[in-house]
>>> print(open('target_35.cif').read())   # mmCIF, C-alpha atoms
data_model
loop_
_atom_site.label_atom_id
_atom_site.label_comp_id
_atom_site.auth_asym_id
_atom_site.auth_seq_id
_atom_site.Cartn_x
_atom_site.Cartn_y
_atom_site.Cartn_z
CA MET E 209 99.95 183.55 -42.45
CA ASP E 210 97.24 185.51 -44.27
CA LEU E 211 97.36 183.11 -47.22
CA THR E 212 94.88 181.03 -49.21
CA ILE E 213 96.21 178.15 -51.26
CA GLN E 214 93.94 177.07 -54.11
CA ILE E 215 93.98 173.52 -55.46
CA LEU E 216 91.56 172.26 -58.12
CA THR E 217 91.04 168.50 -57.86
CA LYS E 218 89.42 165.65 -59.72
CA ASN E 219 90.20 162.10 -58.63
CA ASN E 220 93.55 162.89 -57.04
CA GLU E 221 93.37 160.50 -54.06
CA LYS E 222 96.87 159.17 -54.83
CA SER E 223 98.66 162.52 -54.62
CA ILE E 224 96.56 164.97 -52.59
CA ASN E 225 97.93 163.80 -49.24
CA GLN E 226 101.52 164.54 -50.29
CA THR E 227 100.55 167.91 -51.80
CA VAL E 228 98.68 169.15 -48.72
CA ASN E 229 101.18 167.82 -46.18
CA SER E 230 104.06 169.52 -48.01
CA ILE E 231 102.45 172.96 -47.57
CA LYS E 232 101.24 172.50 -43.98
CA PRO E 233 104.22 174.49 -42.57
CA LEU E 234 102.71 177.62 -44.18
CA ASN E 235 99.77 177.45 -41.79
CA ALA E 236 97.54 178.68 -44.63
CA ASN E 237 93.91 178.32 -45.56
CA ILE E 238 94.00 175.39 -48.02
CA VAL E 239 90.99 175.42 -50.34
CA ILE E 240 90.23 172.34 -52.40
CA ASN E 241 87.75 173.12 -55.18
CA ASP E 242 86.65 169.73 -56.38
CA LEU E 243 85.59 169.30 -59.99
CA GLY E 244 83.70 166.03 -59.55
CA SER E 245 85.91 163.44 -57.89
CA THR E 246 84.44 159.96 -57.59
CA ASP E 247 87.32 158.59 -55.52
CA ASN E 248 88.44 159.46 -51.95
CA THR E 249 89.97 162.87 -52.79
CA ILE E 250 87.42 164.92 -50.82
CA LYS E 251 87.45 162.54 -47.85
CA ILE E 252 91.28 162.76 -47.64
CA ALA E 253 91.27 166.56 -48.08
CA LYS E 254 88.68 166.95 -45.28
CA SER E 255 90.74 164.76 -42.97
CA LEU E 256 93.73 167.04 -43.64
CA GLY E 257 91.73 170.09 -42.55
CA CYS E 258 91.20 171.62 -46.02
CA VAL E 259 88.20 173.78 -46.91
CA ILE E 260 86.14 172.06 -49.64
CA THR E 261 84.31 174.03 -52.33
CA ASN E 262 82.53 172.89 -55.46
CA TYR E 263 82.36 175.91 -57.75
CA LYS E 264 81.83 174.76 -61.30
CA PHE E 265 82.40 177.21 -64.14
CA GLU E 266 83.17 176.46 -67.75
CA SER E 267 86.69 177.83 -67.34
CA ARG E 268 89.30 176.91 -64.72
CA SER E 269 90.37 180.58 -64.71
CA ASP E 270 86.83 181.62 -63.74
CA ILE E 271 86.92 179.18 -60.82
CA ARG E 272 90.26 180.52 -59.61
CA ASN E 273 89.16 184.15 -60.03
CA HIS E 274 86.02 183.32 -58.05
CA LEU E 275 88.10 181.73 -55.27
CA CYS E 276 90.14 184.94 -55.10
CA GLN E 277 86.93 186.88 -54.43
CA GLN E 278 85.50 184.37 -51.97
CA PHE E 279 88.63 184.06 -49.83
CA ASN E 280 89.76 187.57 -49.13
CA THR E 281 93.20 186.90 -47.66
CA LYS E 282 96.03 189.25 -48.60
CA TRP E 283 97.99 186.45 -50.26
CA HIS E 284 96.88 183.76 -52.66
CA MET E 285 98.86 180.89 -54.03
CA PHE E 286 97.88 178.08 -56.37
CA LEU E 287 99.07 174.53 -56.75
CA GLU E 288 98.13 171.54 -58.85
CA PRO E 289 97.08 168.40 -56.95
CA ASN E 290 100.13 166.51 -58.24
CA GLU E 291 102.67 169.07 -56.95
CA TYR E 292 104.53 169.08 -53.65
CA ALA E 293 107.23 171.23 -52.06
CA ILE E 294 110.80 169.92 -52.19
CA SER E 295 112.51 172.98 -50.71
CA SER E 296 112.08 175.11 -47.62
CA LEU E 297 108.92 177.25 -47.69
CA GLN E 298 110.46 179.99 -45.54
CA PRO E 299 110.90 182.40 -48.54
CA ILE E 300 107.08 182.40 -48.89
CA ILE E 301 106.64 183.38 -45.24
CA ASP E 302 109.35 186.07 -45.50
CA ASN E 303 108.12 187.42 -48.85
CA ASN E 304 107.11 191.05 -49.27
CA LYS E 305 106.82 191.19 -53.09
CA ASP E 306 103.41 191.39 -54.77
CA ILE E 307 103.89 188.76 -57.49
CA CYS E 308 106.32 185.87 -57.25
CA TYR E 309 107.56 183.03 -59.39
CA PHE E 310 108.18 179.55 -58.00
CA SER E 311 110.29 176.86 -59.66
CA ILE E 312 108.40 173.76 -60.75
CA LEU E 313 110.37 170.60 -61.47
CA THR E 314 108.84 167.99 -63.82
CA ASN E 315 111.21 165.14 -64.68
CA ASN E 316 114.37 167.05 -65.62
CA ILE E 317 112.67 170.28 -66.63
CA LEU E 318 112.71 173.19 -64.22
CA ARG E 319 110.25 175.90 -65.20
CA LYS E 320 109.14 179.13 -63.55
CA ASP E 321 105.48 179.93 -62.88
CA ILE E 322 103.84 182.81 -61.04
CA ARG E 323 102.24 181.06 -58.08
CA LEU E 324 102.08 183.62 -55.26
CA TRP E 325 100.40 187.01 -55.54
CA ASN E 326 98.90 189.82 -53.53
CA ASN E 327 95.18 189.23 -53.80
CA HIS E 328 94.39 192.88 -53.11
CA LYS E 329 96.00 193.86 -56.43
CA ASN E 330 93.08 192.45 -58.42
CA ILE E 331 95.16 190.18 -60.62
CA LYS E 332 93.16 187.81 -62.83
CA PHE E 333 93.72 184.39 -64.33
CA LYS E 334 93.40 183.80 -68.07
CA ASN E 335 92.87 180.71 -70.28
CA PRO E 336 90.01 178.19 -69.82
CA ILE E 337 92.56 175.42 -69.08
CA PHE E 338 96.30 175.64 -68.36
CA GLU E 339 95.37 178.81 -66.51
CA ILE E 340 98.02 181.41 -65.78
CA LEU E 341 98.00 184.80 -64.10
CA ASN E 342 97.58 187.63 -66.55
CA ILE E 343 100.62 189.58 -65.40
CA GLU E 344 104.41 189.50 -65.50
CA SER E 345 106.96 190.03 -62.79
CA ASN E 346 110.68 189.87 -62.12
CA ASP E 347 110.45 188.58 -58.58
CA ASP E 348 111.60 185.09 -58.01
CA LEU E 349 111.22 183.11 -54.78
CA GLN E 350 113.73 180.35 -54.15
CA VAL E 351 111.01 177.77 -53.65
CA VAL E 352 110.87 174.52 -55.60
CA PHE E 353 107.85 172.29 -56.12
CA CYS E 354 108.05 168.91 -57.77
CA SER E 355 105.30 168.06 -60.23
CA ASP E 356 104.59 164.41 -61.05
CA PHE E 357 103.54 164.30 -64.67
CA VAL E 358 99.85 163.53 -65.14
CA ASN E 359 98.52 163.08 -68.64
CA TYR E 360 95.15 164.84 -68.36
CA ASN E 361 92.92 164.50 -71.37
CA TYR E 362 91.87 168.04 -72.28
CA GLU E 363 90.71 167.21 -75.79
CA LEU E 364 87.18 168.58 -75.45
CA GLU E 365 88.27 171.73 -73.59
CA LEU E 366 90.88 172.46 -76.26
CA ILE E 367 88.30 172.11 -79.06
CA ASN E 368 85.97 174.53 -77.24
CA TRP E 369 88.83 176.97 -76.61
CA LYS E 370 89.73 177.02 -80.30
CA LYS E 371 86.09 177.54 -81.24
CA LYS E 372 85.85 180.55 -78.93
CA GLU E 373 89.21 182.04 -79.91
CA PRO E 374 90.05 180.81 -83.40
CA THR E 375 93.06 183.11 -83.86
CA ASN E 376 94.61 182.43 -80.45
CA PRO E 377 97.77 180.35 -81.02
CA ILE E 378 98.07 179.10 -77.41
CA PRO E 379 95.55 176.18 -77.64
CA TYR E 380 97.60 174.83 -80.56
CA TYR E 381 100.72 175.07 -78.39
CA TYR E 382 99.12 172.95 -75.67
CA GLU E 383 97.73 170.50 -78.23
CA SER E 384 101.22 170.04 -79.64
CA ILE E 385 102.77 169.51 -76.19
CA LEU E 386 100.08 167.00 -75.16
CA ALA E 387 100.59 165.11 -78.45
CA LEU E 388 104.35 165.04 -77.87
CA ASN E 389 103.84 163.68 -74.34
CA LYS E 390 101.68 160.93 -75.80
CA GLY E 391 104.34 160.17 -78.41
CA ASP E 392 102.00 161.15 -81.26
CA ILE E 393 104.64 162.78 -83.46
CA ASP E 394 102.43 163.43 -86.51
CA THR E 395 99.91 165.39 -84.42
CA PHE E 396 102.75 167.21 -82.67
CA VAL E 397 104.20 168.37 -86.00
CA ASN E 398 100.79 169.34 -87.35
CA LYS E 399 99.78 171.37 -84.28
CA SER E 400 103.24 172.94 -83.98
CA GLU E 401 103.02 174.18 -87.56
CA TYR E 402 99.70 175.90 -86.74
CA PHE E 403 101.08 177.37 -83.53
CA LEU E 404 104.34 178.61 -85.04
CA PHE E 405 102.41 180.23 -87.88
CA LEU E 406 99.84 181.93 -85.64
CA GLU E 407 102.12 183.05 -82.78
CA PRO E 408 103.03 186.70 -83.42
CA LYS E 409 105.83 186.91 -80.82
CA LYS E 410 108.70 185.04 -82.44
CA ASN E 411 110.89 185.40 -79.33
CA SER E 412 108.26 184.32 -76.81
CA ILE E 413 109.07 181.38 -74.52
CA PRO E 414 106.28 179.11 -75.95
CA TYR E 415 107.38 179.89 -79.54
CA VAL E 416 111.05 179.13 -78.91
CA MET E 417 110.37 176.06 -76.76
CA ASN E 418 108.05 174.69 -79.44
CA ARG E 419 110.88 175.15 -81.97
CA TYR E 420 113.19 173.34 -79.52
CA TYR E 421 110.83 170.35 -79.24
CA TYR E 422 110.44 170.40 -83.02
CA ALA E 423 114.24 170.29 -83.33
CA LEU E 424 114.34 167.31 -80.93
CA VAL E 425 111.75 165.48 -83.00
CA SER E 426 113.63 166.29 -86.24
CA LEU E 427 116.85 165.02 -84.64
CA HIS E 428 115.19 161.70 -83.80
CA GLN E 429 113.89 161.55 -87.36
CA LYS E 430 117.49 162.10 -88.54
CA GLN E 431 116.62 165.27 -90.45
CA VAL E 432 119.79 167.35 -90.29
CA LYS E 433 118.57 170.44 -92.12
CA LYS E 434 115.26 170.71 -90.28
CA THR E 435 116.92 170.18 -86.88
CA LEU E 436 119.49 172.90 -87.52
CA GLN E 437 116.91 175.32 -88.96
CA ASN E 438 114.75 175.00 -85.85
CA ILE E 439 117.56 175.12 -83.33
CA ASN E 440 119.18 178.14 -85.04
CA LEU E 441 116.04 180.13 -84.32
CA CYS E 442 116.17 179.00 -80.70
CA ILE E 443 119.82 180.04 -80.32
CA ALA E 444 119.06 183.37 -81.98
CA ALA E 445 116.33 183.97 -79.36
CA ASN E 446 118.35 182.83 -76.34
CA SER E 447 121.98 181.86 -76.86
CA LEU E 448 122.62 181.10 -73.17
CA MET E 449 120.50 177.93 -73.16
CA ALA E 450 122.86 174.95 -72.95
CA GLU E 451 120.17 172.60 -74.26
CA PHE E 452 120.08 174.44 -77.61
CA TRP E 453 123.84 174.09 -78.16
CA CYS E 454 123.64 170.43 -77.09
CA ILE E 455 121.21 169.75 -79.95
CA VAL E 456 123.70 171.19 -82.46
CA GLY E 457 126.36 168.97 -80.87
CA ASP E 458 123.99 166.00 -81.17
CA VAL E 459 123.49 166.66 -84.89
CA TYR E 460 127.25 166.55 -85.48
CA TYR E 461 127.68 163.56 -83.16
CA HIS E 462 124.78 161.32 -84.12
CA LEU E 463 123.93 162.34 -87.68
CA LEU E 464 127.11 163.75 -89.24
CA ASN E 465 129.73 161.85 -87.20
CA ASP E 466 131.92 164.95 -87.07
CA PHE E 467 133.22 164.60 -83.53
CA ASP E 468 135.56 167.62 -83.60
CA LYS E 469 132.67 169.96 -84.38
CA ALA E 470 130.43 168.16 -81.88
CA ILE E 471 133.01 168.84 -79.13
CA ASP E 472 132.99 172.55 -80.01
CA PHE E 473 129.22 172.78 -79.65
CA TYR E 474 129.13 170.79 -76.42
CA GLU E 475 131.80 173.16 -75.10
CA ASN E 476 129.61 176.11 -76.09
CA ALA E 477 126.78 174.49 -74.13
CA ILE E 478 128.94 174.29 -71.01
CA ILE E 479 130.51 177.76 -71.30
CA LEU E 480 127.44 179.75 -72.39
CA GLY E 481 125.11 177.73 -70.14
CA SER E 482 127.27 178.71 -67.16
CA ARG E 483 126.49 182.38 -67.93
CA ARG E 484 122.74 181.90 -67.86
CA LYS E 485 121.17 184.10 -65.21
CA LYS E 486 119.55 182.38 -62.22
CA SER E 487 116.65 184.79 -62.59
CA SER E 488 115.96 183.61 -66.16
CA LYS E 489 112.29 182.73 -66.69
CA TRP E 490 113.09 180.21 -69.43
CA PRO E 491 112.52 176.54 -68.64
CA MET E 492 115.72 174.63 -68.00
CA ASP E 493 116.59 171.03 -68.84
CA ILE E 494 118.83 170.59 -65.81
CA LEU E 495 120.68 167.57 -67.20
CA LYS E 496 121.97 169.60 -70.14
CA TYR E 497 123.84 172.02 -67.90
CA LYS E 498 126.76 169.82 -66.87
CA GLU E 499 126.41 166.08 -67.08
CA TYR E 500 125.24 165.65 -70.64
CA PRO E 501 127.66 167.89 -72.61
CA ASN E 502 130.59 166.71 -70.46
CA SER E 503 129.75 163.04 -71.02
CA MET E 504 129.32 163.68 -74.77
CA ILE E 505 132.74 165.37 -75.00
CA GLU E 506 134.22 162.36 -73.22
CA SER E 507 132.48 160.05 -75.68
CA CYS E 508 133.70 162.10 -78.69
CA ASN E 509 137.28 161.91 -77.42
CA LYS E 510 137.01 158.13 -76.93
CA ILE E 511 135.68 157.66 -80.47
CA LYS E 512 138.43 159.87 -81.90
CA LYS E 513 141.07 157.91 -80.00
CA ASN E 514 139.69 154.54 -81.17
CA TYR E 515 139.48 155.83 -84.73
CA TYR E 516 143.13 156.88 -84.55
CA VAL E 517 144.18 153.45 -83.20
CA VAL E 518 142.25 151.58 -85.94
CA LYS E 519 143.63 153.85 -88.66
CA HIS E 520 147.16 153.38 -87.32
CA LEU E 521 146.74 149.58 -87.23
CA ASN E 522 145.49 149.54 -90.83
CA ILE E 523 148.49 151.54 -92.04
CA SER E 524 150.88 149.22 -90.14
CA GLN E 525 149.22 146.13 -91.68
CA GLN E 526 149.43 147.61 -95.20
CA GLN E 527 153.14 148.24 -94.72
CA MET G 264 124.80 194.38 -90.11
CA GLN G 265 124.24 190.66 -90.62
CA ASN G 266 121.16 188.96 -89.22
CA ILE G 267 121.85 186.94 -86.02
CA ILE G 268 120.46 183.76 -87.60
CA GLU G 269 122.88 184.10 -90.51
CA ILE G 270 125.81 184.52 -88.10
CA ILE G 271 124.74 181.46 -86.09
CA ALA G 272 124.46 179.44 -89.33
CA GLU G 273 127.97 180.62 -90.20
CA LEU G 274 129.15 179.44 -86.80
CA GLN G 275 127.48 176.08 -87.28
CA ALA G 276 129.41 175.48 -90.47
CA ASN G 277 132.65 176.26 -88.65
CA PRO G 278 132.47 176.39 -84.85
CA LYS G 279 136.12 177.48 -84.68
CA ASN G 280 135.33 180.66 -86.60
CA LEU G 281 136.45 183.35 -84.17
CA GLN G 282 135.20 186.08 -86.52
CA ALA G 283 131.67 184.71 -86.25
CA TYR G 284 131.85 184.82 -82.44
CA ARG G 285 133.02 188.43 -82.67
CA LYS G 286 130.16 189.27 -85.03
CA ILE G 287 127.73 187.84 -82.46
CA ILE G 288 129.24 190.06 -79.75
CA LYS G 289 128.94 193.07 -82.03
CA TYR G 290 125.33 192.18 -82.80
CA TYR G 291 124.43 191.87 -79.11
CA LEU G 292 126.19 195.12 -78.20
CA SER G 293 124.32 196.97 -80.93
CA HIS G 294 121.03 195.50 -79.65
CA ASN G 295 121.68 196.39 -75.99
CA ARG G 296 122.01 192.75 -74.97
CA LYS G 297 125.00 193.19 -72.70
CA ASP G 298 124.70 189.87 -70.82
CA GLU G 299 124.87 187.83 -74.01
CA ALA G 300 127.74 189.92 -75.37
CA GLU G 301 129.69 189.34 -72.16
CA ALA G 302 128.90 185.62 -72.27
CA PHE G 303 130.38 185.34 -75.77
CA GLU G 304 133.44 187.36 -74.72
CA TYR G 305 133.86 184.86 -71.90
CA LEU G 306 133.48 182.01 -74.40
CA ILE G 307 136.22 183.43 -76.64
CA GLU G 308 138.50 183.80 -73.65
CA LYS G 309 137.80 180.22 -72.52
CA LYS G 310 138.25 178.71 -75.98
CA TYR G 311 141.03 180.83 -77.39
CA GLY G 312 142.71 182.30 -74.33
CA SER G 313 142.87 185.95 -73.33
CA ASN G 314 145.49 186.69 -76.00
CA ASN G 315 143.30 185.89 -79.01
CA SER G 316 143.71 188.97 -81.16
CA ASN G 317 146.27 187.37 -83.51
CA ILE G 318 144.18 184.24 -84.15
CA ASP G 319 142.06 186.01 -86.79
CA GLU G 320 145.06 186.37 -89.04
CA LYS G 321 145.65 182.59 -88.99
CA GLN G 322 142.01 181.96 -89.88
#
>>> encode(input="target_35.cif", output="structure tokens")
Amino acid sequence: MDLTIQILTKNNEKSINQTVNSIKPLNANIVINDLGSTDNTIKIAKSLGCVITNYKFESRSDIRNHLCQQFNTKWHMFLEPNEYAISSLQPIIDNNKDICYFSILTNNILRKDIRLWNNHKNIKFKNPIFEILNIESNDDLQVVFCSDFVNYNYELELINWKKKEPTNPIPYYYESILALNKGDIDTFVNKSEYFLFLEPKKNSIPYVMNRYYYALVSLHQKQVKKTLQNINLCIAANSLMAEFWCIVGDVYYHLLNDFDKAIDFYENAIILGSRRKKSSKWPMDILKYKEYPNSMIESCNKIKKNYYVVKHLNISQQQ
Amino acid sequence: MQNIIEIIAELQANPKNLQAYRKIIKYYLSHNRKDEAEAFEYLIEKKYGSNNSNIDEKQ
């Protein structure tokens, strides 16, 4: 296949074997651009038949754009060194669309990223880190890659990014997400506030997902009003996301102990979530689309039943 | 027409409020969001049955 697959590595000896082997069926030109590994990453990649390059630019996007120029195949695809295919790759071979999304699964979250593109269309990457292609598309390939979470420390790169683009909200978004992954809630809240203030598109996926994470944090902090305020904005932006309705159910279940209302919201999660389009580009918490709301409804009904039994016993004893 | 956030807040106070669900459908139809409008119509049908027109009076 006339395809180059770009992977940027740095000390990925534990995962690179799995990544490369999972894409071997594509019979593509696999290019590993190493960013200074001191472990066996390059040795393993060479043994797997990959092409090794060492381009070093300040920005990861510049490296990827340079690789697009250097390897003039019709198709380009990019992967992270901790990702590997968990579905058939045949749709990639059969593809005839210029720009395609893949599904990436990290823990329970399934997100869509543009990963395959026609390199003759002169499409460029943007962002110095967390690089993405500067284009949108509606074409979706039914290909799923699993991504093992790696907590990269991008502190310095994020500081430089903010210095270069002080009004760009996106670095604050990534700072907030990295803080949340580390469990640093104060930093998450602080960075989220900046991001939510600066982001002009109030219906954009990063804006709404940041509100969702903020609602989750507020729920854990038992702040009813703040949780509902945040999740309302999420539902207003996309009412077919089961995870948003589940949070409202959780507020009534965990914080307000109103199990009748909680059941209603969990039902909304199941019914509206079932109408979500497969082609939706929004990330999806796959557990919230069946198991979780169903188990919560079951739990609400059990609590209601026990409450009724206890109340009935008390009345009998009083009589 | 009411803001969508206000309608959702109304729904949160009373998730059995059929009128609020209908307001959401109206909002989506007026904003050309047919998929969401259909999803809420489906929700009403699932929760209240296909013969739901007389439920408003009870509420």
>>> resolve_selection(input="target_35.cif", expression="the PyMOL selection byres ((chain E) within 8 of (chain G))", output="ChimeraX atom specification")
/E:440-441,443-444,447-448,456,469,472-473,476,479-480,483
>>> resolve_selection(input="target_35.cif", expression="the PyMOL selection byres ((chain E and resi 280-292) around 8)", output="count of residues only")
34
>>> atom_distance(input="target_35.cif", atom1="atom CA of E:Asn241", atom2="atom CA of E:Phe333")
15.7 Å
>>> residues_around(input="target_35.cif", residues="E:Gly481", least_positions_apart="4", cutoff="10 Å", atoms="only C-alpha atoms", output="mmCIF file with C-alpha atoms, in the frame of the given file")
data_model
loop_
_atom_site.group_PDB
_atom_site.id
_atom_site.type_symbol
_atom_site.label_atom_id
_atom_site.label_comp_id
_atom_site.auth_asym_id
_atom_site.auth_seq_id
_atom_site.Cartn_x
_atom_site.Cartn_y
_atom_site.Cartn_z
ATOM 1 C CA SER E 447 121.980 181.860 -76.860
ATOM 2 C CA LEU E 448 122.620 181.100 -73.170
ATOM 3 C CA MET E 449 120.500 177.930 -73.160
ATOM 4 C CA ALA E 450 122.860 174.950 -72.950
ATOM 5 C CA GLU E 451 120.170 172.600 -74.260
ATOM 6 C CA PHE E 452 120.080 174.440 -77.610
ATOM 7 C CA TRP E 453 123.840 174.090 -78.160
ATOM 8 C CA GLU E 475 131.800 173.160 -75.100
ATOM 9 C CA ASN E 476 129.610 176.110 -76.090
ATOM 10 C CA ALA E 477 126.780 174.490 -74.130
ATOM 11 C CA LYS E 485 121.170 184.100 -65.210
ATOM 12 C CA LYS E 496 121.970 169.600 -70.140
ATOM 13 C CA TYR E 497 123.840 172.020 -67.900
ATOM 14 C CA LYS E 498 126.760 169.820 -66.870
ATOM 15 C CA ALA G 302 128.900 185.620 -72.270
#
>>> atom_distance(input="target_35.cif", atom1="atom CA of E:Asn225", atom2="atom CA of E:Ser245")
14.8 Å
>>> resolve_selection(input="target_35.cif", expression="the PyMOL selection byres ((chain E and resi 335) around 10)", output="NGL selection string")
:E and (267-270 or 333-334 or 336-342 or 369 or 378-379)
>>> residues_around(input="target_35.cif", residues="E:Lys390", least_positions_apart="4", cutoff="12 Å", atoms="all atoms listed in the file", output="list in words")
Phe357, Val358, Asn359, Tyr360, Asn361, Glu383, Ser384, Ile385, Leu386, Asp394, Thr395 and Phe396 of chain E
>>> build_atoms(input="target_35.cif", residues="stretch 365-373 of chain E", atoms="all heavy atoms", output="compact mmCIF listing (two decimals), in the coordinates of the input")
# COMPACT_ATOMS: atom_id res chain seq x y z
N GLU E 365 88.05 170.34 -74.02
CA GLU E 365 88.27 171.73 -73.59
C GLU E 365 89.09 172.49 -74.64
O GLU E 365 88.83 173.67 -74.91
CB GLU E 365 89.01 171.78 -72.25
CG GLU E 365 88.18 171.39 -71.05
CD GLU E 365 88.24 169.90 -70.75
OE1 GLU E 365 88.65 169.14 -71.65
OE2 GLU E 365 87.87 169.50 -69.63
N LEU E 366 90.05 171.81 -75.24
CA LEU E 366 90.88 172.46 -76.26
C LEU E 366 90.06 172.79 -77.51
O LEU E 366 90.21 173.86 -78.10
CB LEU E 366 92.08 171.58 -76.62
CG LEU E 366 93.23 171.62 -75.61
CD1 LEU E 366 94.18 170.44 -75.80
CD2 LEU E 366 94.00 172.93 -75.70
N ILE E 367 89.17 171.87 -77.88
CA ILE E 367 88.30 172.11 -79.06
C ILE E 367 87.43 173.34 -78.79
O ILE E 367 87.29 174.23 -79.64
CB ILE E 367 87.45 170.86 -79.38
CG1 ILE E 367 88.36 169.75 -79.93
CG2 ILE E 367 86.34 171.18 -80.38
CD1 ILE E 367 87.71 168.40 -80.04
N ASN E 368 86.84 173.38 -77.60
CA ASN E 368 85.97 174.53 -77.24
C ASN E 368 86.75 175.84 -77.21
O ASN E 368 86.26 176.88 -77.65
CB ASN E 368 85.31 174.29 -75.87
CG ASN E 368 84.25 173.23 -75.96
OD1 ASN E 368 83.68 172.98 -77.04
ND2 ASN E 368 83.98 172.56 -74.86
N TRP E 369 87.97 175.77 -76.69
CA TRP E 369 88.83 176.97 -76.61
C TRP E 369 89.11 177.50 -78.02
O TRP E 369 89.03 178.70 -78.28
CB TRP E 369 90.12 176.59 -75.88
CG TRP E 369 91.00 177.72 -75.47
CD1 TRP E 369 90.79 179.06 -75.67
CD2 TRP E 369 92.25 177.63 -74.77
NE1 TRP E 369 91.83 179.79 -75.15
CE2 TRP E 369 92.73 178.94 -74.58
CE3 TRP E 369 93.00 176.56 -74.27
CZ2 TRP E 369 93.95 179.21 -73.94
CZ3 TRP E 369 94.19 176.82 -73.62
CH2 TRP E 369 94.66 178.14 -73.46
N LYS E 370 89.42 176.60 -78.92
CA LYS E 370 89.73 177.02 -80.30
C LYS E 370 88.50 177.61 -80.99
O LYS E 370 88.60 178.53 -81.77
CB LYS E 370 90.28 175.83 -81.10
CG LYS E 370 91.73 175.49 -80.72
CD LYS E 370 92.37 174.55 -81.70
CE LYS E 370 91.70 173.22 -81.69
NZ LYS E 370 92.34 172.26 -82.58
N LYS E 371 87.33 177.02 -80.65
CA LYS E 371 86.09 177.54 -81.24
C LYS E 371 85.84 178.97 -80.78
O LYS E 371 85.43 179.84 -81.55
CB LYS E 371 84.91 176.66 -80.81
CG LYS E 371 84.58 175.57 -81.81
CD LYS E 371 83.32 174.88 -81.36
CE LYS E 371 83.20 173.53 -82.06
NZ LYS E 371 82.20 172.68 -81.43
N LYS E 372 86.09 179.22 -79.50
CA LYS E 372 85.85 180.55 -78.93
C LYS E 372 86.87 181.56 -79.40
O LYS E 372 86.57 182.73 -79.59
CB LYS E 372 85.89 180.48 -77.40
CG LYS E 372 84.57 180.09 -76.79
CD LYS E 372 84.63 180.23 -75.29
CE LYS E 372 83.31 179.81 -74.67
NZ LYS E 372 83.40 179.65 -73.25
N GLU E 373 88.13 181.12 -79.53
CA GLU E 373 89.21 182.04 -79.91
C GLU E 373 90.00 181.45 -81.08
O GLU E 373 91.12 180.96 -80.89
CB GLU E 373 90.15 182.28 -78.72
CG GLU E 373 89.48 182.88 -77.50
CD GLU E 373 90.44 182.96 -76.32
OE1 GLU E 373 91.54 183.51 -76.47
OE2 GLU E 373 90.10 182.45 -75.26
